[in-house]
Amino acid sequence: MRVRLAEPGDLEKLVDMRAALWPEGTRDEHHRDAEAIVHGRPLSTMPLVVFVADDPKAGLRGFVEVGLRSHADGCDPIRPSAFIEGWWVEAGARGTGIGRALIQAAEDWGHAQGATEIGSDTWAENEASRRAHEALGFELVDTCANYKKSLVDLPAGEGAGVHYGHDLAEIHHRHFGMLARAGAKLLRERLQGVDPASGSILELGCGSGISGALLVAAGHRVEGVDISPAMLTIARRHAPGVQLRTGSAWTCELGEAQSRLAVTAFGEVLNYTAEESRPRPEALRSRCREIFECLRPGGLFVFDLSGPGRSGATGRRLGVWEHEDAIVYLEETEIDKEQRLTRDIHSFLRAGALHRRHREKHCLALHEAPVVESMLLDIGFEVERLDGYGDFSFGPGWAGFVARKA
Ligand SMILES: C[S@@+](CC[C@H](N)C(=O)[O-])C[C@H]1O[C@@H](n2cnc3c(N)ncnc32)[C@H](O)[C@@H]1O
């Protein structure tokens with residue numbers, strides 16, 4: 001039995017062993033973390049290595065992950081300590097000295113890094129692990145209860161249907177404002193010659209206020225409603241001239257009859273839904289009718305909606321957007337029989353020297369463009385269907401509408 005540093009060729013077995021020790025992580029996550037460590041670039045600010053116990057006949061039978069921590073509970077606070085991040089031995093090989101040999105390698109490594117102490121932890125109820133630690137000379141420092149509290153204003157209130165927490169809102173504002181800019185430009189062109197004093201504009205799902213600020217700059221009075229408090233926090237900074245409130249595009253006050261020059265819903269706002277909800281064409285029809293009521297004659301309802309085909313022919317779309325300060329991974333799956341799609345979004349926003357990870361799942365109920373168009377005509381709108389807002393083209397299955405109250 002040889003204890004040695006893990007190598008790239010150990011990766012698959014290492015992923016199996018990590019998954020056995022930490023079943024709450026996915027195999028992809030274990031693969032990503034282990035791959036980074038064996039290539040010498042761990043996803044940590046301080047050094048971190050893995051030793052494996054390699055049996056010439058049976059292969060790898062255990063591992064220990066050891067790193068440096070700037071501070072470990074109970075250890076001398078004036079210098080970094082070594083710390084056992086993970087320690088696992090195959091069930092059939094326990095009690096044979098493999099665990100001891102792994103810990104010895106971890107201690108030697110820590111010592112070579114200049115540490116004078118090594119820390120470790122385990123779950124309070126894991127009696128076997130506690131006995132194993134004590135048999136190897138570890139002393140119990142304390143048993144503690146861990147708490148956490150968020151330091152960013154994640155959305156609160158409306159539960160499952162809420163999207164765009166702090167980080168995703170910030171990334172959307174910094175890097176995904178093209179649609180809002182193009183939508184505002186189109187609306188400004190369509191309202192040319194109309195006296196801005198003759199009515200106001202209401203933006204449903206106004207987001208971070210990108211289009212609102214542009215419409216205010218053109219002399220319009222603009223109100224914005226969004227369900228995401230994080231989006232509205234940015235909007236207050238970016239678009240101080242827009243009158244903002246938290247609310248749902250489906251239930252908020254639309255304003256007095258015949259008072260609006262325009263209503264917008266830029267960026268699939270009316271597609272967003274709570275998890276598991278299917279499209280409710282009746283709800284869309286009745287909201288569009290209410291919007292018709294609040295518009296002045298000649299007023300415009302400009303919006304875009306996604307429909308079947310949005311994720312392409314395969315029903316699955318993967319996307320990666322990399323920026324200096326942020327990375328976004330998206331996996332989109334269309335559940336075509338149910339006319340909805342889900343987006344699994346992982347974002348990494350730079351925070352100081354590190355990137356902070358945030359994950360959201362968005363659910364969209366899909367509406368077919370021809371059905372929406374005939375519903376708008378039924379209500380009394382004149383309808384122009386768009387395949388983009390000016391220079392911004394919608395992808396497949398995504399359509400825009402300029403609905404004019406005749
Ligand atoms: C793709 S973003 C578009 C934001 C903005 N209109 C733009 O184009 O930059 C979708 C926006 O819709 C908001 N939203 C989703 N569901 C909503 C709802 N039911 N009521 C109000 N806002 C909603 C989200 O919080 C988010 O700000």
# chains A, B, ... in the order shown; residues from 1 in each chain; ligands from 1

$ select_by_dssp --residues "region 315-397 of chain A" --states "strand (DSSP E)" --output "number ranges by chain"
A: 316-322, 326-335, 340-351, 354-365, 381-386, 388-389, 392-393

$ select_by_dssp --residues "region 12-196 of chain A" --states "alpha helix (DSSP H)" --output "MDAnalysis selection string"
chainID A and resid 12:21 27:38 98:112 127:135 166:175 178:190

$ residues_around --residues "Val383 (chain A)" --least-positions-apart "3" --cutoff "8 Å" --atoms "only C-alpha atoms" --output "PDB file with C-alpha atoms, in the first residue's frame"
ATOM      1  CA  GLU A 373     -51.949  37.505 -31.945  1.00  0.00           C
ATOM      2  CA  LEU A 376     -55.057  40.558 -29.113  1.00  0.00           C
ATOM      3  CA  LEU A 377     -57.115  41.100 -32.288  1.00  0.00           C
ATOM      4  CA  PHE A 401     -45.858  42.391 -30.405  1.00  0.00           C
ATOM      5  CA  VAL A 402     -46.810  46.015 -30.894  1.00  0.00           C
ATOM      6  CA  ALA A 403     -50.503  46.024 -30.008  1.00  0.00           C
ATOM      7  CA  ARG A 404     -52.162  49.375 -30.732  1.00  0.00           C
TER       8      ARG A 404
END

$ atom_distance --atom1 "CA of His39 (chain A)" --atom2 "CA of Thr116 (chain A)"
26.4 Å

$ closest_residue --among "A:Asp73, A:Glu203, A:Glu85, A:Asp167" --to "Glu139 (chain A)" --atoms "only C-alpha atoms"
A:Asp73

$ residues_near_ligand --ligand "ligand 1" --cutoff "8 Å" --atoms "only C-alpha atoms and all ligand atoms" --output "number ranges by chain"
A: 161-164, 169, 172-173, 176-181, 183, 203-211, 225-229, 231, 246-250, 265-273

$ atom_distance --atom1 "CA of Ile327 (chain A)" --atom2 "CA of Gly312 (chain A)"
22.6 Å

$ residues_around --residues "Glu290 (chain A)" --least-positions-apart "2" --cutoff "10 Å" --atoms "only C-alpha atoms" --output "PDB file with all heavy atoms, in the first residue's frame"
ATOM      1  N   GLU A 253     -51.897  47.404  -9.954  1.00  0.00           N
ATOM      2  CA  GLU A 253     -52.772  48.451 -10.501  1.00  0.00           C
ATOM      3  C   GLU A 253     -52.206  48.903 -11.838  1.00  0.00           C
ATOM      4  O   GLU A 253     -51.005  49.214 -11.928  1.00  0.00           O
ATOM      5  CB  GLU A 253     -52.741  49.662  -9.568  1.00  0.00           C
ATOM      6  CG  GLU A 253     -53.700  49.598  -8.406  1.00  0.00           C
ATOM      7  CD  GLU A 253     -55.138  49.714  -8.903  1.00  0.00           C
ATOM      8  OE1 GLU A 253     -55.390  50.572  -9.775  1.00  0.00           O
ATOM      9  OE2 GLU A 253     -55.973  48.925  -8.434  1.00  0.00           O
ATOM     10  N   LEU A 254     -53.043  48.997 -12.859  1.00  0.00           N
ATOM     11  CA  LEU A 254     -52.524  49.422 -14.168  1.00  0.00           C
ATOM     12  C   LEU A 254     -52.715  50.921 -14.388  1.00  0.00           C
ATOM     13  O   LEU A 254     -52.093  51.506 -15.267  1.00  0.00           O
ATOM     14  CB  LEU A 254     -53.235  48.655 -15.277  1.00  0.00           C
ATOM     15  CG  LEU A 254     -52.980  47.138 -15.288  1.00  0.00           C
ATOM     16  CD1 LEU A 254     -53.849  46.465 -16.331  1.00  0.00           C
ATOM     17  CD2 LEU A 254     -51.512  46.840 -15.551  1.00  0.00           C
ATOM     18  N   GLY A 255     -53.570  51.534 -13.570  1.00  0.00           N
ATOM     19  CA  GLY A 255     -53.832  52.965 -13.738  1.00  0.00           C
ATOM     20  C   GLY A 255     -55.228  53.191 -14.276  1.00  0.00           C
ATOM     21  O   GLY A 255     -55.927  52.250 -14.671  1.00  0.00           O
ATOM     22  N   ALA A 257     -58.480  54.253 -16.488  1.00  0.00           N
ATOM     23  CA  ALA A 257     -58.839  53.965 -17.879  1.00  0.00           C
ATOM     24  C   ALA A 257     -58.334  55.093 -18.778  1.00  0.00           C
ATOM     25  O   ALA A 257     -58.393  56.275 -18.401  1.00  0.00           O
ATOM     26  CB  ALA A 257     -60.354  53.826 -17.996  1.00  0.00           C
ATOM     27  N   LEU A 284     -53.826  35.375 -19.351  1.00  0.00           N
ATOM     28  CA  LEU A 284     -53.144  36.300 -20.269  1.00  0.00           C
ATOM     29  C   LEU A 284     -54.181  37.171 -20.994  1.00  0.00           C
ATOM     30  O   LEU A 284     -54.037  38.383 -21.116  1.00  0.00           O
ATOM     31  CB  LEU A 284     -52.289  35.503 -21.268  1.00  0.00           C
ATOM     32  CG  LEU A 284     -51.472  36.335 -22.235  1.00  0.00           C
ATOM     33  CD1 LEU A 284     -50.430  37.175 -21.502  1.00  0.00           C
ATOM     34  CD2 LEU A 284     -50.765  35.439 -23.272  1.00  0.00           C
ATOM     35  N   ARG A 285     -55.246  36.526 -21.439  1.00  0.00           N
ATOM     36  CA  ARG A 285     -56.305  37.275 -22.147  1.00  0.00           C
ATOM     37  C   ARG A 285     -56.895  38.350 -21.247  1.00  0.00           C
ATOM     38  O   ARG A 285     -57.058  39.499 -21.650  1.00  0.00           O
ATOM     39  CB  ARG A 285     -57.404  36.290 -22.591  1.00  0.00           C
ATOM     40  CG  ARG A 285     -58.645  36.959 -23.173  1.00  0.00           C
ATOM     41  CD  ARG A 285     -59.735  35.943 -23.399  1.00  0.00           C
ATOM     42  NE  ARG A 285     -59.345  34.994 -24.436  1.00  0.00           N
ATOM     43  CZ  ARG A 285     -59.567  35.173 -25.736  1.00  0.00           C
ATOM     44  NH1 ARG A 285     -60.198  36.260 -26.141  1.00  0.00           N
ATOM     45  NH2 ARG A 285     -59.187  34.281 -26.612  1.00  0.00           N
ATOM     46  N   SER A 286     -57.182  37.985 -19.997  1.00  0.00           N
ATOM     47  CA  SER A 286     -57.855  38.984 -19.162  1.00  0.00           C
ATOM     48  C   SER A 286     -56.897  40.115 -18.788  1.00  0.00           C
ATOM     49  O   SER A 286     -57.308  41.280 -18.707  1.00  0.00           O
ATOM     50  CB  SER A 286     -58.561  38.330 -17.961  1.00  0.00           C
ATOM     51  OG  SER A 286     -57.735  38.284 -16.873  1.00  0.00           O
ATOM     52  N   ARG A 287     -55.584  39.812 -18.630  1.00  0.00           N
ATOM     53  CA  ARG A 287     -54.629  40.896 -18.342  1.00  0.00           C
ATOM     54  C   ARG A 287     -54.495  41.816 -19.567  1.00  0.00           C
ATOM     55  O   ARG A 287     -54.413  43.037 -19.447  1.00  0.00           O
ATOM     56  CB  ARG A 287     -53.271  40.287 -17.964  1.00  0.00           C
ATOM     57  CG  ARG A 287     -52.339  41.236 -17.205  1.00  0.00           C
ATOM     58  CD  ARG A 287     -52.982  41.770 -15.958  1.00  0.00           C
ATOM     59  NE  ARG A 287     -52.089  42.563 -15.136  1.00  0.00           N
ATOM     60  CZ  ARG A 287     -52.500  43.468 -14.258  1.00  0.00           C
ATOM     61  NH1 ARG A 287     -53.794  43.693 -14.077  1.00  0.00           N
ATOM     62  NH2 ARG A 287     -51.640  44.141 -13.530  1.00  0.00           N
ATOM     63  N   CYS A 288     -54.467  41.218 -20.756  1.00  0.00           N
ATOM     64  CA  CYS A 288     -54.344  42.041 -21.970  1.00  0.00           C
ATOM     65  C   CYS A 288     -55.578  42.938 -22.129  1.00  0.00           C
ATOM     66  O   CYS A 288     -55.483  44.087 -22.585  1.00  0.00           O
ATOM     67  CB  CYS A 288     -54.177  41.164 -23.204  1.00  0.00           C
ATOM     68  SG  CYS A 288     -52.567  40.369 -23.253  1.00  0.00           S
ATOM     69  N   PHE A 292     -55.603  46.937 -22.318  1.00  0.00           N
ATOM     70  CA  PHE A 292     -56.344  47.663 -23.368  1.00  0.00           C
ATOM     71  C   PHE A 292     -57.143  48.817 -22.733  1.00  0.00           C
ATOM     72  O   PHE A 292     -57.117  49.949 -23.217  1.00  0.00           O
ATOM     73  CB  PHE A 292     -57.283  46.679 -24.078  1.00  0.00           C
ATOM     74  CG  PHE A 292     -58.049  47.264 -25.215  1.00  0.00           C
ATOM     75  CD1 PHE A 292     -57.504  47.284 -26.493  1.00  0.00           C
ATOM     76  CD2 PHE A 292     -59.328  47.787 -25.034  1.00  0.00           C
ATOM     77  CE1 PHE A 292     -58.211  47.816 -27.564  1.00  0.00           C
ATOM     78  CE2 PHE A 292     -60.046  48.321 -26.094  1.00  0.00           C
ATOM     79  CZ  PHE A 292     -59.481  48.337 -27.360  1.00  0.00           C
ATOM     80  N   GLU A 293     -57.810  48.497 -21.610  1.00  0.00           N
ATOM     81  CA  GLU A 293     -58.642  49.512 -20.936  1.00  0.00           C
ATOM     82  C   GLU A 293     -57.815  50.710 -20.479  1.00  0.00           C
ATOM     83  O   GLU A 293     -58.251  51.851 -20.568  1.00  0.00           O
ATOM     84  CB  GLU A 293     -59.355  48.930 -19.694  1.00  0.00           C
ATOM     85  CG  GLU A 293     -60.383  47.860 -19.985  1.00  0.00           C
ATOM     86  CD  GLU A 293     -61.437  48.331 -20.966  1.00  0.00           C
ATOM     87  OE1 GLU A 293     -61.804  49.526 -20.904  1.00  0.00           O
ATOM     88  OE2 GLU A 293     -61.863  47.526 -21.816  1.00  0.00           O
ATOM     89  N   CYS A 294     -56.607  50.455 -19.953  1.00  0.00           N
ATOM     90  CA  CYS A 294     -55.850  51.571 -19.356  1.00  0.00           C
ATOM     91  C   CYS A 294     -55.137  52.421 -20.421  1.00  0.00           C
ATOM     92  O   CYS A 294     -54.612  53.485 -20.107  1.00  0.00           O
ATOM     93  CB  CYS A 294     -54.866  51.062 -18.302  1.00  0.00           C
ATOM     94  SG  CYS A 294     -53.337  50.402 -18.981  1.00  0.00           S
ATOM     95  N   LEU A 295     -55.109  51.948 -21.679  1.00  0.00           N
ATOM     96  CA  LEU A 295     -54.428  52.724 -22.727  1.00  0.00           C
ATOM     97  C   LEU A 295     -55.320  53.832 -23.290  1.00  0.00           C
ATOM     98  O   LEU A 295     -56.539  53.660 -23.408  1.00  0.00           O
ATOM     99  CB  LEU A 295     -54.017  51.789 -23.877  1.00  0.00           C
ATOM    100  CG  LEU A 295     -52.847  50.840 -23.599  1.00  0.00           C
ATOM    101  CD1 LEU A 295     -52.707  49.827 -24.755  1.00  0.00           C
ATOM    102  CD2 LEU A 295     -51.543  51.600 -23.430  1.00  0.00           C
ATOM    103  N   ILE A 379     -59.530  41.237 -28.737  1.00  0.00           N
ATOM    104  CA  ILE A 379     -59.751  42.266 -27.713  1.00  0.00           C
ATOM    105  C   ILE A 379     -59.996  43.631 -28.360  1.00  0.00           C
ATOM    106  O   ILE A 379     -60.674  44.492 -27.797  1.00  0.00           O
ATOM    107  CB  ILE A 379     -58.527  42.321 -26.746  1.00  0.00           C
ATOM    108  CG1 ILE A 379     -58.483  41.053 -25.899  1.00  0.00           C
ATOM    109  CG2 ILE A 379     -58.557  43.538 -25.847  1.00  0.00           C
ATOM    110  CD1 ILE A 379     -57.224  40.904 -25.059  1.00  0.00           C
TER     111      ILE A 379
END

$ residues_around --residues "Glu117 (chain A)" --least-positions-apart "5" --cutoff "9 Å" --atoms "only C-alpha atoms" --output "PyMOL selection string"
chain A and resi 75-76+80-83+107+110-111

$ write_last_selection --atoms "C-alpha atoms" --output "mmCIF file, in the first residue's frame"
data_model
loop_
_atom_site.group_PDB
_atom_site.id
_atom_site.type_symbol
_atom_site.label_atom_id
_atom_site.label_comp_id
_atom_site.auth_asym_id
_atom_site.auth_seq_id
_atom_site.Cartn_x
_atom_site.Cartn_y
_atom_site.Cartn_z
ATOM 1 C CA CYS A 75 -5.788 26.085 16.813
ATOM 2 C CA ASP A 76 -3.241 28.863 17.324
ATOM 3 C CA PRO A 80 -2.264 29.123 9.354
ATOM 4 C CA SER A 81 -3.207 25.587 10.407
ATOM 5 C CA ALA A 82 -3.382 22.483 8.315
ATOM 6 C CA PHE A 83 -6.923 21.151 8.111
ATOM 7 C CA GLU A 107 0.342 15.798 8.896
ATOM 8 C CA GLY A 110 0.997 20.372 6.834
ATOM 9 C CA HIS A 111 4.280 20.417 8.674
#

$ residues_around --residues "region 349-363 of chain A" --least-positions-apart "2" --cutoff "8 Å" --atoms "only C-alpha atoms" --output "MDAnalysis selection string"
chainID A and resid 163:164 167:168 171 272:276 325:327 340:347 365

$ residues_around --residues "Gly67 (chain A)" --least-positions-apart "2" --cutoff "10 Å" --atoms "only C-alpha atoms" --output "short mmCIF file (atom, residue, chain, number, x, y, z; two decimals) with all heavy atoms, in the first residue's frame"
data_model
loop_
_atom_site.label_atom_id
_atom_site.label_comp_id
_atom_site.auth_asym_id
_atom_site.auth_seq_id
_atom_site.Cartn_x
_atom_site.Cartn_y
_atom_site.Cartn_z
N PRO A 42 -6.55 24.26 -7.04
CA PRO A 42 -7.78 24.05 -6.28
C PRO A 42 -8.65 25.29 -6.24
O PRO A 42 -8.15 26.40 -6.36
CB PRO A 42 -7.26 23.71 -4.87
CG PRO A 42 -5.90 24.30 -4.80
CD PRO A 42 -5.35 24.23 -6.19
N SER A 44 -9.76 27.12 -4.11
CA SER A 44 -9.65 27.67 -2.75
C SER A 44 -8.54 28.71 -2.79
O SER A 44 -7.69 28.69 -3.68
CB SER A 44 -9.29 26.56 -1.75
OG SER A 44 -8.08 25.94 -2.13
N MET A 46 -6.25 29.07 -0.45
CA MET A 46 -5.02 28.56 0.16
C MET A 46 -4.72 27.17 -0.40
O MET A 46 -5.60 26.51 -0.95
CB MET A 46 -5.17 28.55 1.68
CG MET A 46 -5.41 29.96 2.22
SD MET A 46 -5.32 30.09 3.99
CE MET A 46 -3.58 30.08 4.30
N PRO A 47 -3.48 26.69 -0.25
CA PRO A 47 -3.12 25.40 -0.83
C PRO A 47 -4.01 24.26 -0.33
O PRO A 47 -4.45 24.27 0.82
CB PRO A 47 -1.67 25.19 -0.35
CG PRO A 47 -1.17 26.54 0.00
CD PRO A 47 -2.35 27.34 0.44
N LEU A 48 -4.25 23.31 -1.23
CA LEU A 48 -5.12 22.17 -0.91
C LEU A 48 -4.64 21.00 -1.76
O LEU A 48 -4.44 21.17 -2.97
CB LEU A 48 -6.55 22.54 -1.27
CG LEU A 48 -7.65 21.52 -0.98
CD1 LEU A 48 -7.92 21.43 0.51
CD2 LEU A 48 -8.95 21.93 -1.69
N VAL A 49 -4.44 19.83 -1.16
CA VAL A 49 -3.99 18.66 -1.93
C VAL A 49 -4.79 17.44 -1.52
O VAL A 49 -5.49 17.45 -0.50
CB VAL A 49 -2.47 18.37 -1.70
CG1 VAL A 49 -1.60 19.48 -2.26
CG2 VAL A 49 -2.17 18.13 -0.23
N VAL A 50 -4.67 16.39 -2.30
CA VAL A 50 -5.32 15.12 -1.96
C VAL A 50 -4.27 14.01 -1.99
O VAL A 50 -3.51 13.91 -2.97
CB VAL A 50 -6.43 14.77 -2.97
CG1 VAL A 50 -7.00 13.39 -2.69
CG2 VAL A 50 -7.54 15.78 -2.92
N VAL A 64 -7.36 11.33 1.56
CA VAL A 64 -7.49 12.41 2.52
C VAL A 64 -7.26 13.71 1.75
O VAL A 64 -6.38 13.80 0.89
CB VAL A 64 -6.49 12.26 3.69
CG1 VAL A 64 -5.04 12.40 3.26
CG2 VAL A 64 -6.78 13.28 4.79
N GLU A 65 -8.14 14.70 2.01
CA GLU A 65 -7.98 16.01 1.39
C GLU A 65 -7.50 16.94 2.50
O GLU A 65 -8.17 17.05 3.54
CB GLU A 65 -9.34 16.46 0.85
CG GLU A 65 -9.26 17.58 -0.12
CD GLU A 65 -10.60 17.78 -0.84
OE1 GLU A 65 -11.06 16.86 -1.54
OE2 GLU A 65 -11.17 18.87 -0.68
N ARG A 69 -5.71 26.41 6.37
CA ARG A 69 -6.75 27.39 6.69
C ARG A 69 -6.09 28.52 7.47
O ARG A 69 -5.21 28.26 8.30
CB ARG A 69 -7.85 26.76 7.54
CG ARG A 69 -8.79 25.86 6.76
CD ARG A 69 -9.99 25.53 7.61
NE ARG A 69 -10.93 24.68 6.88
CZ ARG A 69 -12.13 24.33 7.35
NH1 ARG A 69 -12.51 24.76 8.55
NH2 ARG A 69 -12.94 23.56 6.65
N PRO A 80 -1.34 30.07 10.01
CA PRO A 80 -2.26 29.12 9.35
C PRO A 80 -2.12 27.72 9.95
O PRO A 80 -1.06 27.34 10.39
CB PRO A 80 -1.81 29.13 7.89
CG PRO A 80 -1.02 30.37 7.73
CD PRO A 80 -0.40 30.66 9.06
N SER A 81 -3.22 26.98 9.95
CA SER A 81 -3.21 25.59 10.41
C SER A 81 -3.47 24.70 9.21
O SER A 81 -4.17 25.10 8.27
CB SER A 81 -4.34 25.35 11.40
OG SER A 81 -4.24 26.24 12.47
N ALA A 82 -2.95 23.49 9.29
CA ALA A 82 -3.38 22.48 8.31
C ALA A 82 -4.78 22.04 8.73
O ALA A 82 -5.16 22.17 9.91
CB ALA A 82 -2.41 21.31 8.33
N PHE A 83 -5.56 21.57 7.76
CA PHE A 83 -6.92 21.15 8.11
C PHE A 83 -7.33 19.95 7.24
O PHE A 83 -7.13 19.96 6.03
CB PHE A 83 -7.91 22.30 7.91
CG PHE A 83 -9.20 22.09 8.64
CD1 PHE A 83 -9.34 22.50 9.97
CD2 PHE A 83 -10.27 21.45 8.04
CE1 PHE A 83 -10.51 22.28 10.67
CE2 PHE A 83 -11.45 21.22 8.73
CZ PHE A 83 -11.57 21.64 10.06
N ILE A 84 -7.88 18.93 7.91
CA ILE A 84 -8.39 17.76 7.16
C ILE A 84 -9.77 18.11 6.62
O ILE A 84 -10.74 18.20 7.37
CB ILE A 84 -8.53 16.52 8.09
CG1 ILE A 84 -7.22 16.21 8.82
CG2 ILE A 84 -9.03 15.31 7.30
CD1 ILE A 84 -6.12 15.73 7.94
N GLU A 85 -9.85 18.32 5.30
CA GLU A 85 -11.14 18.69 4.71
C GLU A 85 -11.99 17.46 4.42
O GLU A 85 -13.22 17.55 4.39
CB GLU A 85 -10.91 19.48 3.41
CG GLU A 85 -10.07 20.75 3.57
CD GLU A 85 -10.79 21.84 4.36
OE1 GLU A 85 -11.99 21.69 4.63
OE2 GLU A 85 -10.13 22.84 4.72
N GLY A 86 -11.34 16.32 4.18
CA GLY A 86 -12.08 15.09 3.91
C GLY A 86 -11.18 13.89 4.15
O GLY A 86 -9.98 13.95 3.86
N ALA A 106 -1.01 13.55 5.61
CA ALA A 106 -1.58 14.90 5.73
C ALA A 106 -0.79 15.72 6.75
O ALA A 106 -0.51 16.91 6.54
CB ALA A 106 -3.05 14.80 6.14
N TRP A 109 2.54 16.74 5.30
CA TRP A 109 2.35 17.83 4.32
C TRP A 109 2.15 19.16 5.05
O TRP A 109 2.76 20.17 4.72
CB TRP A 109 1.15 17.52 3.43
CG TRP A 109 0.85 18.59 2.42
CD1 TRP A 109 1.41 18.74 1.18
CD2 TRP A 109 -0.06 19.70 2.58
NE1 TRP A 109 0.90 19.86 0.56
CE2 TRP A 109 0.00 20.47 1.39
CE3 TRP A 109 -0.91 20.11 3.60
CZ2 TRP A 109 -0.77 21.62 1.20
CZ3 TRP A 109 -1.67 21.26 3.42
CH2 TRP A 109 -1.60 22.01 2.23
N GLY A 110 1.28 19.15 6.08
CA GLY A 110 1.00 20.37 6.83
C GLY A 110 2.27 20.91 7.48
O GLY A 110 2.53 22.12 7.45
N GLN A 113 4.38 22.68 5.15
CA GLN A 113 3.84 24.00 4.78
C GLN A 113 4.10 25.04 5.87
O GLN A 113 3.69 26.19 5.75
CB GLN A 113 2.33 23.93 4.55
CG GLN A 113 1.86 22.93 3.52
CD GLN A 113 2.32 23.31 2.12
OE1 GLN A 113 2.19 24.46 1.71
NE2 GLN A 113 2.88 22.35 1.42
N ILE A 118 -2.75 20.75 13.26
CA ILE A 118 -3.68 20.31 12.20
C ILE A 118 -5.07 20.17 12.83
O ILE A 118 -5.20 19.60 13.93
CB ILE A 118 -3.20 19.00 11.53
CG1 ILE A 118 -4.10 18.62 10.36
CG2 ILE A 118 -3.08 17.84 12.52
CD1 ILE A 118 -3.47 17.63 9.38
N GLY A 119 -6.07 20.73 12.17
CA GLY A 119 -7.44 20.65 12.67
C GLY A 119 -8.25 19.68 11.82
O GLY A 119 -7.83 19.27 10.73
#

$ atom_distance --atom1 "CA of Ser198 (chain A)" --atom2 "CA of Gly400 (chain A)"
25.4 Å

$ closest_residue --among "A:Met17, A:Leu386, A:Val194, A:Ala91" --to "His30 (chain A)" --atoms "only C-alpha atoms"
A:Met17
